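Raw work-v9.pdb, PDB, N, CA and C atoms:
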```
ATOM      1  N   MET A 145      65.977 126.306  85.206
ATOM      2  CA  MET A 145      66.399 125.311  86.175
ATOM      3  C   MET A 145      66.749 126.047  87.465
ATOM      4  N   PRO A 146      66.156 125.633  88.573
ATOM      5  CA  PRO A 146      66.440 126.323  89.837
ATOM      6  C   PRO A 146      67.841 125.983  90.349
ATOM      7  N   VAL A 147      68.429 126.963  90.973
ATOM      8  CA  VAL A 147      69.757 126.802  91.546
ATOM      9  C   VAL A 147      69.627 126.892  93.053
ATOM     10  N   THR A 148      70.244 125.937  93.742
ATOM     11  CA  THR A 148      70.181 125.951  95.207
ATOM     12  C   THR A 148      71.559 126.196  95.776
ATOM     13  N   ARG A 149      71.567 126.690  96.973
ATOM     14  CA  ARG A 149      72.834 126.912  97.663
ATOM     15  C   ARG A 149      73.424 125.607  98.153
ATOM     16  N   ALA A 150      74.752 125.627  98.266
ATOM     17  CA  ALA A 150      75.431 124.467  98.834
ATOM     18  C   ALA A 150      75.097 124.388 100.319
ATOM     19  N   PRO A 151      74.963 123.184 100.853
ATOM     20  CA  PRO A 151      74.652 123.068 102.281
ATOM     21  C   PRO A 151      75.787 123.624 103.133
ATOM     22  N   ARG A 152      75.412 124.242 104.230
ATOM     23  CA  ARG A 152      76.413 124.809 105.140
ATOM     24  C   ARG A 152      76.923 123.740 106.087
ATOM     25  N   ARG A 153      78.214 123.818 106.351
ATOM     26  CA  ARG A 153      78.805 122.889 107.314
ATOM     27  C   ARG A 153      78.543 123.405 108.721
ATOM     28  N   PRO A 154      78.344 122.492 109.631
ATOM     29  CA  PRO A 154      78.141 122.953 111.009
ATOM     30  C   PRO A 154      79.432 123.557 111.559
ATOM     31  N   ALA A 155      79.297 124.587 112.354
ATOM     32  CA  ALA A 155      80.461 125.247 112.952
ATOM     33  C   ALA A 155      81.120 124.317 113.959
ATOM     34  N   ARG A 156      82.444 124.362 114.003
ATOM     35  CA  ARG A 156      83.169 123.523 114.956
ATOM     36  C   ARG A 156      83.086 124.141 116.340
ATOM     37  N   PRO A 157      82.983 123.300 117.316
ATOM     38  CA  PRO A 157      82.987 123.838 118.686
ATOM     39  C   PRO A 157      84.347 124.450 119.015
ATOM     40  N   ALA A 158      84.366 125.452 119.829
ATOM     41  CA  ALA A 158      85.590 126.175 120.172
ATOM     42  C   ALA A 158      86.587 125.302 120.924
ATOM     43  N   GLU A 159      86.106 124.347 121.717
ATOM     44  CA  GLU A 159      87.026 123.536 122.515
ATOM     45  C   GLU A 159      87.869 122.578 121.690
ATOM     46  N   THR A 160      87.424 122.199 120.478
ATOM     47  CA  THR A 160      88.224 121.291 119.661
ATOM     48  C   THR A 160      89.417 122.006 119.033
ATOM     49  N   SER A 161      89.361 123.323 118.913
ATOM     50  CA  SER A 161      90.476 124.038 118.319
ATOM     51  C   SER A 161      91.612 124.249 119.321
ATOM     52  N   ALA A 162      91.344 124.096 120.589
ATOM     53  CA  ALA A 162      92.390 124.244 121.595
ATOM     54  C   ALA A 162      93.168 122.938 121.671
ATOM     55  N   VAL A 163      94.459 122.983 121.315
ATOM     56  CA  VAL A 163      95.300 121.802 121.290
ATOM     57  C   VAL A 163      96.414 122.000 122.315
ATOM     58  N   ASP A 164      96.750 120.909 122.978
ATOM     59  CA  ASP A 164      97.805 120.960 123.980
ATOM     60  C   ASP A 164      99.138 121.259 123.286
ATOM     61  N   GLU A 165      99.831 122.282 123.721
ATOM     62  CA  GLU A 165     101.101 122.696 123.118
ATOM     63  C   GLU A 165     102.156 121.595 123.225
ATOM     64  N   ALA A 166     102.141 120.828 124.286
ATOM     65  CA  ALA A 166     103.098 119.732 124.443
ATOM     66  C   ALA A 166     102.896 118.678 123.357
ATOM     67  N   GLN A 167     101.648 118.399 122.994
ATOM     68  CA  GLN A 167     101.371 117.432 121.934
ATOM     69  C   GLN A 167     101.869 117.955 120.583
ATOM     70  N   VAL A 168     101.680 119.229 120.346
ATOM     71  CA  VAL A 168     102.146 119.822 119.095
ATOM     72  C   VAL A 168     103.662 119.713 118.997
ATOM     73  N   GLN A 169     104.363 120.041 120.064
ATOM     74  CA  GLN A 169     105.825 119.973 120.059
ATOM     75  C   GLN A 169     106.314 118.539 119.874
ATOM     76  N   GLU A 170     105.611 117.566 120.430
ATOM     77  CA  GLU A 170     105.987 116.159 120.274
ATOM     78  C   GLU A 170     105.897 115.729 118.801
ATOM     79  N   VAL A 171     104.835 116.153 118.114
ATOM     80  CA  VAL A 171     104.675 115.826 116.695
ATOM     81  C   VAL A 171     105.801 116.459 115.885
ATOM     82  N   ILE A 172     106.145 117.695 116.217
ATOM     83  CA  ILE A 172     107.219 118.382 115.499
ATOM     84  C   ILE A 172     108.549 117.681 115.727
ATOM     85  N   ARG A 173     108.836 117.269 116.952
ATOM     86  CA  ARG A 173     110.103 116.593 117.274
ATOM     87  C   ARG A 173     110.221 115.237 116.577
ATOM     88  N   ARG A 174     109.098 114.549 116.427
ATOM     89  CA  ARG A 174     109.123 113.253 115.754
ATOM     90  C   ARG A 174     109.573 113.388 114.306
ATOM     91  N   GLY A 175     109.232 114.501 113.700
ATOM     92  CA  GLY A 175     109.630 114.703 112.308
ATOM     93  C   GLY A 175     108.789 113.863 111.378
ATOM     94  N   GLY A 176     109.239 113.770 110.174
ATOM     95  CA  GLY A 176     108.487 113.012 109.182
ATOM     96  C   GLY A 176     109.404 112.569 108.072
ATOM     97  N   SER A 177     108.815 112.174 107.003
ATOM     98  CA  SER A 177     109.600 111.745 105.856
ATOM     99  C   SER A 177     109.033 112.408 104.614
ATOM    100  N   VAL A 178     109.860 112.547 103.619
ATOM    101  CA  VAL A 178     109.421 113.089 102.339
ATOM    102  C   VAL A 178     109.210 111.946 101.372
ATOM    103  N   ALA A 179     108.547 112.220 100.272
ATOM    104  CA  ALA A 179     108.231 111.171  99.304
ATOM    105  C   ALA A 179     109.486 110.497  98.769
ATOM    106  N   ALA A 180     110.567 111.248  98.596
ATOM    107  CA  ALA A 180     111.810 110.663  98.081
ATOM    108  C   ALA A 180     112.370 109.623  99.049
ATOM    109  N   ASP A 181     112.173 109.832 100.340
ATOM    110  CA  ASP A 181     112.665 108.867 101.321
ATOM    111  C   ASP A 181     111.875 107.563 101.266
ATOM    112  N   LEU A 182     110.626 107.648 100.830
ATOM    113  CA  LEU A 182     109.783 106.459 100.795
ATOM    114  C   LEU A 182     109.931 105.679  99.500
ATOM    115  N   HIS A 183     110.438 106.324  98.463
ATOM    116  CA  HIS A 183     110.587 105.664  97.168
ATOM    117  C   HIS A 183     111.723 104.646  97.259
ATOM    118  N   PRO A 184     111.505 103.412  96.788
ATOM    119  CA  PRO A 184     112.539 102.375  96.910
ATOM    120  C   PRO A 184     113.866 102.740  96.260
ATOM    121  N   SER A 185     113.832 103.475  95.154
ATOM    122  CA  SER A 185     115.094 103.793  94.491
ATOM    123  C   SER A 185     115.887 104.824  95.267
ATOM    124  N   ALA A 186     115.253 105.519  96.218
ATOM    125  CA  ALA A 186     115.956 106.528  96.999
ATOM    126  C   ALA A 186     116.754 105.892  98.152
ATOM    127  N   LEU A 187     116.481 104.629  98.432
ATOM    128  CA  LEU A 187     117.191 103.964  99.519
ATOM    129  C   LEU A 187     118.600 103.590  99.071
ATOM    130  N   PRO A 188     119.628 103.863  99.886
ATOM    131  CA  PRO A 188     121.004 103.601  99.455
ATOM    132  C   PRO A 188     121.300 102.125  99.219
ATOM    133  N   GLU A 189     120.648 101.223  99.963
ATOM    134  CA  GLU A 189     120.952  99.810  99.792
ATOM    135  C   GLU A 189     120.359  99.241  98.508
ATOM    136  N   GLU A 190     119.440  99.952  97.908
ATOM    137  CA  GLU A 190     118.833  99.491  96.658
ATOM    138  C   GLU A 190     119.147 100.484  95.546
ATOM    139  N   GLU A 191     120.413 100.712  95.271
ATOM    140  CA  GLU A 191     120.797 101.670  94.247
ATOM    141  C   GLU A 191     120.380 101.168  92.871
ATOM    142  N   GLU A 192     119.986 102.097  92.038
ATOM    143  CA  GLU A 192     119.618 101.730  90.673
ATOM    144  C   GLU A 192     120.882 101.456  89.872
ATOM    145  N   LEU A 193     120.862 100.387  89.103
ATOM    146  CA  LEU A 193     122.018 100.044  88.295
ATOM    147  C   LEU A 193     122.043 100.822  86.988
ATOM    148  N   ASP A 194     120.877 101.163  86.468
ATOM    149  CA  ASP A 194     120.796 101.830  85.181
ATOM    150  C   ASP A 194     119.913 103.074  85.314
ATOM    151  N   ALA A 195     120.427 104.090  85.969
ATOM    152  CA  ALA A 195     119.656 105.299  86.222
ATOM    153  C   ALA A 195     119.596 106.165  84.971
ATOM    154  N   LEU A 196     118.496 106.882  84.822
ATOM    155  CA  LEU A 196     118.358 107.813  83.715
ATOM    156  C   LEU A 196     119.240 109.033  83.960
ATOM    157  N   LYS A 197     119.877 109.488  82.930
ATOM    158  CA  LYS A 197     120.717 110.686  83.004
ATOM    159  C   LYS A 197     120.248 111.656  81.929
ATOM    160  N   ASN A 198     120.241 112.923  82.248
ATOM    161  CA  ASN A 198     119.908 113.949  81.270
ATOM    162  C   ASN A 198     121.158 114.304  80.475
ATOM    163  N   VAL A 199     120.981 114.449  79.168
ATOM    164  CA  VAL A 199     122.085 114.788  78.283
ATOM    165  C   VAL A 199     121.635 115.948  77.407
ATOM    166  N   GLN A 200     122.486 116.931  77.281
ATOM    167  CA  GLN A 200     122.180 118.051  76.401
ATOM    168  C   GLN A 200     122.790 117.768  75.034
ATOM    169  N   LEU A 201     121.992 117.942  73.998
ATOM    170  CA  LEU A 201     122.424 117.647  72.640
ATOM    171  C   LEU A 201     122.276 118.909  71.804
ATOM    172  N   ARG A 202     123.345 119.299  71.150
ATOM    173  CA  ARG A 202     123.314 120.481  70.284
ATOM    174  C   ARG A 202     123.390 120.029  68.833
ATOM    175  N   LEU A 203     122.413 120.462  68.063
ATOM    176  CA  LEU A 203     122.354 120.115  66.643
ATOM    177  C   LEU A 203     122.191 121.389  65.828
ATOM    178  N   TYR A 204     122.667 121.337  64.586
ATOM    179  CA  TYR A 204     122.459 122.445  63.671
ATOM    180  C   TYR A 204     121.008 122.438  63.207
ATOM    181  N   GLU A 205     120.507 123.613  62.875
ATOM    182  CA  GLU A 205     119.126 123.737  62.396
ATOM    183  C   GLU A 205     118.898 122.871  61.165
ATOM    184  N   SER A 206     119.888 122.794  60.286
ATOM    185  CA  SER A 206     119.746 121.978  59.074
ATOM    186  C   SER A 206     119.599 120.495  59.427
ATOM    187  N   GLN A 207     120.304 120.038  60.467
ATOM    188  CA  GLN A 207     120.174 118.640  60.891
ATOM    189  C   GLN A 207     118.779 118.368  61.452
ATOM    190  N   ILE A 208     118.261 119.311  62.221
ATOM    191  CA  ILE A 208     116.925 119.147  62.784
ATOM    192  C   ILE A 208     115.883 119.102  61.674
ATOM    193  N   GLN A 209     116.038 119.969  60.679
ATOM    194  CA  GLN A 209     115.102 119.972  59.562
ATOM    195  C   GLN A 209     115.170 118.661  58.789
ATOM    196  N   GLU A 210     116.371 118.136  58.597
ATOM    197  CA  GLU A 210     116.528 116.861  57.899
ATOM    198  C   GLU A 210     115.884 115.721  58.686
ATOM    199  N   ILE A 211     116.065 115.730  59.992
ATOM    200  CA  ILE A 211     115.438 114.719  60.853
ATOM    201  C   ILE A 211     113.921 114.811  60.743
ATOM    202  N   ASP A 212     113.383 116.026  60.755
ATOM    203  CA  ASP A 212     111.934 116.204  60.665
ATOM    204  C   ASP A 212     111.383 115.682  59.339
ATOM    205  N   VAL A 213     112.112 115.910  58.242
ATOM    206  CA  VAL A 213     111.678 115.411  56.935
ATOM    207  C   VAL A 213     111.644 113.884  56.956
ATOM    208  N   ILE A 214     112.674 113.261  57.487
ATOM    209  CA  ILE A 214     112.737 111.794  57.558
ATOM    210  C   ILE A 214     111.627 111.250  58.438
ATOM    211  N   ARG A 215     111.384 111.901  59.571
ATOM    212  CA  ARG A 215     110.318 111.459  60.479
ATOM    213  C   ARG A 215     108.968 111.475  59.786
ATOM    214  N   LYS A 216     108.714 112.548  59.038
ATOM    215  CA  LYS A 216     107.417 112.666  58.346
ATOM    216  C   LYS A 216     107.284 111.636  57.233
ATOM    217  N   LYS A 217     108.376 111.318  56.533
ATOM    218  CA  LYS A 217     108.340 110.286  55.490
ATOM    219  C   LYS A 217     108.054 108.916  56.105
ATOM    220  N   GLN A 218     108.687 108.641  57.243
ATOM    221  CA  GLN A 218     108.491 107.344  57.894
ATOM    222  C   GLN A 218     107.082 107.186  58.449
ATOM    223  N   ALA A 219     106.412 108.284  58.756
ATOM    224  CA  ALA A 219     105.078 108.222  59.363
ATOM    225  C   ALA A 219     104.029 107.717  58.388
ATOM    226  N   ARG A 220     104.200 107.989  57.097
ATOM    227  CA  ARG A 220     103.268 107.533  56.048
ATOM    228  C   ARG A 220     101.811 107.868  56.392
ATOM    229  N   GLY A 221     101.573 109.133  56.655
ATOM    230  CA  GLY A 221     100.207 109.568  56.930
ATOM    231  C   GLY A 221      99.798 109.496  58.385
ATOM    232  N   ARG A 222     100.539 108.788  59.180
ATOM    233  CA  ARG A 222     100.249 108.718  60.611
ATOM    234  C   ARG A 222     100.977 109.839  61.321
ATOM    235  N   ARG A 223     100.822 109.895  62.593
ATOM    236  CA  ARG A 223     101.540 110.881  63.394
ATOM    237  C   ARG A 223     103.003 110.452  63.501
ATOM    238  N   PRO A 224     103.934 111.341  63.155
ATOM    239  CA  PRO A 224     105.353 110.944  63.201
ATOM    240  C   PRO A 224     105.864 110.783  64.629
ATOM    241  N   LEU A 225     106.924 110.005  64.759
ATOM    242  CA  LEU A 225     107.585 109.878  66.058
ATOM    243  C   LEU A 225     108.069 111.247  66.513
ATOM    244  N   SER A 226     108.140 111.438  67.813
ATOM    245  CA  SER A 226     108.727 112.683  68.313
ATOM    246  C   SER A 226     110.214 112.683  67.995
ATOM    247  N   ARG A 227     110.803 113.859  67.992
ATOM    248  CA  ARG A 227     112.253 113.935  67.752
ATOM    249  C   ARG A 227     113.003 113.121  68.786
ATOM    250  N   HIS A 228     112.571 113.222  70.023
ATOM    251  CA  HIS A 228     113.230 112.495  71.113
ATOM    252  C   HIS A 228     113.201 110.988  70.836
ATOM    253  N   ALA A 229     112.011 110.480  70.507
ATOM    254  CA  ALA A 229     111.881 109.041  70.235
ATOM    255  C   ALA A 229     112.704 108.645  69.014
ATOM    256  N   TRP A 230     112.703 109.490  67.989
ATOM    257  CA  TRP A 230     113.464 109.196  66.787
ATOM    258  C   TRP A 230     114.958 109.132  67.097
ATOM    259  N   LEU A 231     115.455 110.098  67.880
ATOM    260  CA  LEU A 231     116.872 110.112  68.241
ATOM    261  C   LEU A 231     117.237 108.901  69.099
ATOM    262  N   LEU A 232     116.364 108.522  70.039
ATOM    263  CA  LEU A 232     116.634 107.327  70.843
ATOM    264  C   LEU A 232     116.704 106.081  69.967
ATOM    265  N   GLN A 233     115.791 105.996  69.010
ATOM    266  CA  GLN A 233     115.789 104.853  68.091
ATOM    267  C   GLN A 233     117.083 104.822  67.280
ATOM    268  N   ALA A 234     117.527 105.977  66.815
ATOM    269  CA  ALA A 234     118.775 106.049  66.036
ATOM    270  C   ALA A 234     119.977 105.647  66.896
ATOM    271  N   ILE A 235     119.991 106.070  68.132
ATOM    272  CA  ILE A 235     121.095 105.710  69.042
ATOM    273  C   ILE A 235     121.115 104.204  69.275
ATOM    274  N   GLU A 236     119.932 103.608  69.499
ATOM    275  CA  GLU A 236     119.858 102.157  69.716
ATOM    276  C   GLU A 236     120.351 101.393  68.496
ATOM    277  N   GLU A 237     119.961 101.847  67.304
ATOM    278  CA  GLU A 237     120.418 101.183  66.080
ATOM    279  C   GLU A 237     121.939 101.253  65.960
ATOM    280  N   LYS A 238     122.515 102.398  66.258
ATOM    281  CA  LYS A 238     123.969 102.558  66.201
ATOM    282  C   LYS A 238     124.642 101.661  67.233
ATOM    283  N   LEU A 239     124.104 101.609  68.435
ATOM    284  CA  LEU A 239     124.699 100.744  69.484
ATOM    285  C   LEU A 239     124.628  99.277  69.069
ATOM    286  N   ASP A 240     123.515  98.865  68.485
ATOM    287  CA  ASP A 240     123.404  97.477  68.014
ATOM    288  C   ASP A 240     124.450  97.147  66.958
ATOM    289  N   ARG A 241     124.649  98.065  66.025
ATOM    290  CA  ARG A 241     125.674  97.844  64.987
ATOM    291  C   ARG A 241     127.066  97.751  65.608
ATOM    292  N   GLU A 242     127.356  98.604  66.554
ATOM    293  CA  GLU A 242     128.681  98.608  67.194
ATOM    294  C   GLU A 242     128.888  97.348  68.036
ATOM    295  N   ARG A 243     127.840  96.846  68.651
ATOM    296  CA  ARG A 243     127.976  95.617  69.464
ATOM    297  C   ARG A 243     128.304  94.417  68.591
ATOM    298  N   GLN A 244     127.826  94.418  67.368
ATOM    299  CA  GLN A 244     128.039  93.278  66.460
ATOM    300  C   GLN A 244     129.431  93.247  65.878
ATOM    301  N   THR A 245     130.153  94.343  65.921
ATOM    302  CA  THR A 245     131.495  94.355  65.340
ATOM    303  C   THR A 245     132.539  93.949  66.357
TER     304      THR A 245
END
```
Translate this structure into structure tokens?
Amino acid sequence: MPVTRAPRRPARPAETSAVDEAQVQEVIRRGGSVAADLHPSALPEEEELDALKNVQLRLYESQIQEIDVIRKKQARGRRPLSRHAWLLQAIEEKLDRERQT
């Protein structure tokens, strides 16, 4: 199979690369925005009521192994839930029980 070269782009004329310094400084002075500023949740007037928070959880190795055994039993031949999903499910079940009392 023959291989061909990629087509060459035409060279830019030298006069287009010369930019007025005053225009460059004006763009810099105007500034810009970052993606976080454009995201609706980043706006102070629209604060999130239920924001995600990171939590560090320390478990004994034996507890992790026990969780893994239970996860694999519940999977019944399918792919087991991740530990994270399993722990979230357990937390929700506990919260539901506590709400009912």
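Counting from CA of Asp212 (chain A), the distance to CA of His228 (chain A) is 11.2 Å.
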Problem - Interatomic distance (Å, one decimal) between CA of Ser206 (chain A) and CA of Arg227 (chain A) - result: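 Separation between CA of Ser206 (chain A) and CA of Arg227 (chain A): 14.0 Å.
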Exercise for the section: Figure out the distance between atom C of Gln244 (chain A) and atom N of Arg202 (chain A), please, to one decimal in Å. Expected result: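 Result for atom N of Arg202 (chain A) versus atom C of Gln244 (chain A): 27.3 Å, one decimal.
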Exercise for the section: Enumerate, as a ChimeraX atom specification, the complete set of residues in region 189-245 of chain A that a backbone-based DSSP assignment places in alpha helix (DSSP H). Expected result: /A:205-219,227-244
Write out, as a compact mmCIF listing (two decimals), in the frame of the given file, the residues just selected, with N, CA and C atoms.
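Listing of part22.txt after writing:
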```txt
# COMPACT_ATOMS: atom_id res chain seq x y z
N GLU A 205 120.51 123.61 62.88
CA GLU A 205 119.13 123.74 62.40
C GLU A 205 118.90 122.87 61.16
N SER A 206 119.89 122.79 60.29
CA SER A 206 119.75 121.98 59.07
C SER A 206 119.60 120.50 59.43
N GLN A 207 120.30 120.04 60.47
CA GLN A 207 120.17 118.64 60.89
C GLN A 207 118.78 118.37 61.45
N ILE A 208 118.26 119.31 62.22
CA ILE A 208 116.92 119.15 62.78
C ILE A 208 115.88 119.10 61.67
N GLN A 209 116.04 119.97 60.68
CA GLN A 209 115.10 119.97 59.56
C GLN A 209 115.17 118.66 58.79
N GLU A 210 116.37 118.14 58.60
CA GLU A 210 116.53 116.86 57.90
C GLU A 210 115.88 115.72 58.69
N ILE A 211 116.06 115.73 59.99
CA ILE A 211 115.44 114.72 60.85
C ILE A 211 113.92 114.81 60.74
N ASP A 212 113.38 116.03 60.76
CA ASP A 212 111.93 116.20 60.66
C ASP A 212 111.38 115.68 59.34
N VAL A 213 112.11 115.91 58.24
CA VAL A 213 111.68 115.41 56.94
C VAL A 213 111.64 113.88 56.96
N ILE A 214 112.67 113.26 57.49
CA ILE A 214 112.74 111.79 57.56
C ILE A 214 111.63 111.25 58.44
N ARG A 215 111.38 111.90 59.57
CA ARG A 215 110.32 111.46 60.48
C ARG A 215 108.97 111.48 59.79
N LYS A 216 108.71 112.55 59.04
CA LYS A 216 107.42 112.67 58.35
C LYS A 216 107.28 111.64 57.23
N LYS A 217 108.38 111.32 56.53
CA LYS A 217 108.34 110.29 55.49
C LYS A 217 108.05 108.92 56.10
N GLN A 218 108.69 108.64 57.24
CA GLN A 218 108.49 107.34 57.89
C GLN A 218 107.08 107.19 58.45
N ALA A 219 106.41 108.28 58.76
CA ALA A 219 105.08 108.22 59.36
C ALA A 219 104.03 107.72 58.39
N ARG A 227 110.80 113.86 67.99
CA ARG A 227 112.25 113.94 67.75
C ARG A 227 113.00 113.12 68.79
N HIS A 228 112.57 113.22 70.02
CA HIS A 228 113.23 112.50 71.11
C HIS A 228 113.20 110.99 70.84
N ALA A 229 112.01 110.48 70.51
CA ALA A 229 111.88 109.04 70.24
C ALA A 229 112.70 108.64 69.01
N TRP A 230 112.70 109.49 67.99
CA TRP A 230 113.46 109.20 66.79
C TRP A 230 114.96 109.13 67.10
N LEU A 231 115.46 110.10 67.88
CA LEU A 231 116.87 110.11 68.24
C LEU A 231 117.24 108.90 69.10
N LEU A 232 116.36 108.52 70.04
CA LEU A 232 116.63 107.33 70.84
C LEU A 232 116.70 106.08 69.97
N GLN A 233 115.79 106.00 69.01
CA GLN A 233 115.79 104.85 68.09
C GLN A 233 117.08 104.82 67.28
N ALA A 234 117.53 105.98 66.82
CA ALA A 234 118.78 106.05 66.04
C ALA A 234 119.98 105.65 66.90
N ILE A 235 119.99 106.07 68.13
CA ILE A 235 121.10 105.71 69.04
C ILE A 235 121.12 104.20 69.28
N GLU A 236 119.93 103.61 69.50
CA GLU A 236 119.86 102.16 69.72
C GLU A 236 120.35 101.39 68.50
N GLU A 237 119.96 101.85 67.30
CA GLU A 237 120.42 101.18 66.08
C GLU A 237 121.94 101.25 65.96
N LYS A 238 122.52 102.40 66.26
CA LYS A 238 123.97 102.56 66.20
C LYS A 238 124.64 101.66 67.23
N LEU A 239 124.10 101.61 68.44
CA LEU A 239 124.70 100.74 69.48
C LEU A 239 124.63 99.28 69.07
N ASP A 240 123.52 98.86 68.48
CA ASP A 240 123.40 97.48 68.01
C ASP A 240 124.45 97.15 66.96
N ARG A 241 124.65 98.06 66.03
CA ARG A 241 125.67 97.84 64.99
C ARG A 241 127.07 97.75 65.61
N GLU A 242 127.36 98.60 66.55
CA GLU A 242 128.68 98.61 67.19
C GLU A 242 128.89 97.35 68.04
N ARG A 243 127.84 96.85 68.65
CA ARG A 243 127.98 95.62 69.46
C ARG A 243 128.30 94.42 68.59
N GLN A 244 127.83 94.42 67.37
CA GLN A 244 128.04 93.28 66.46
C GLN A 244 129.43 93.25 65.88
```
Practice task
Please provide as a PyMOL selection string all residues within 12 Å of Ser226 (chain A), with the sequence filter that same-chain residues fewer than 2 positions apart are discarded (counting only C-alpha atoms).
Solution key: chain A and resi 208+211-212+214-216+218-219+223-224+228-233
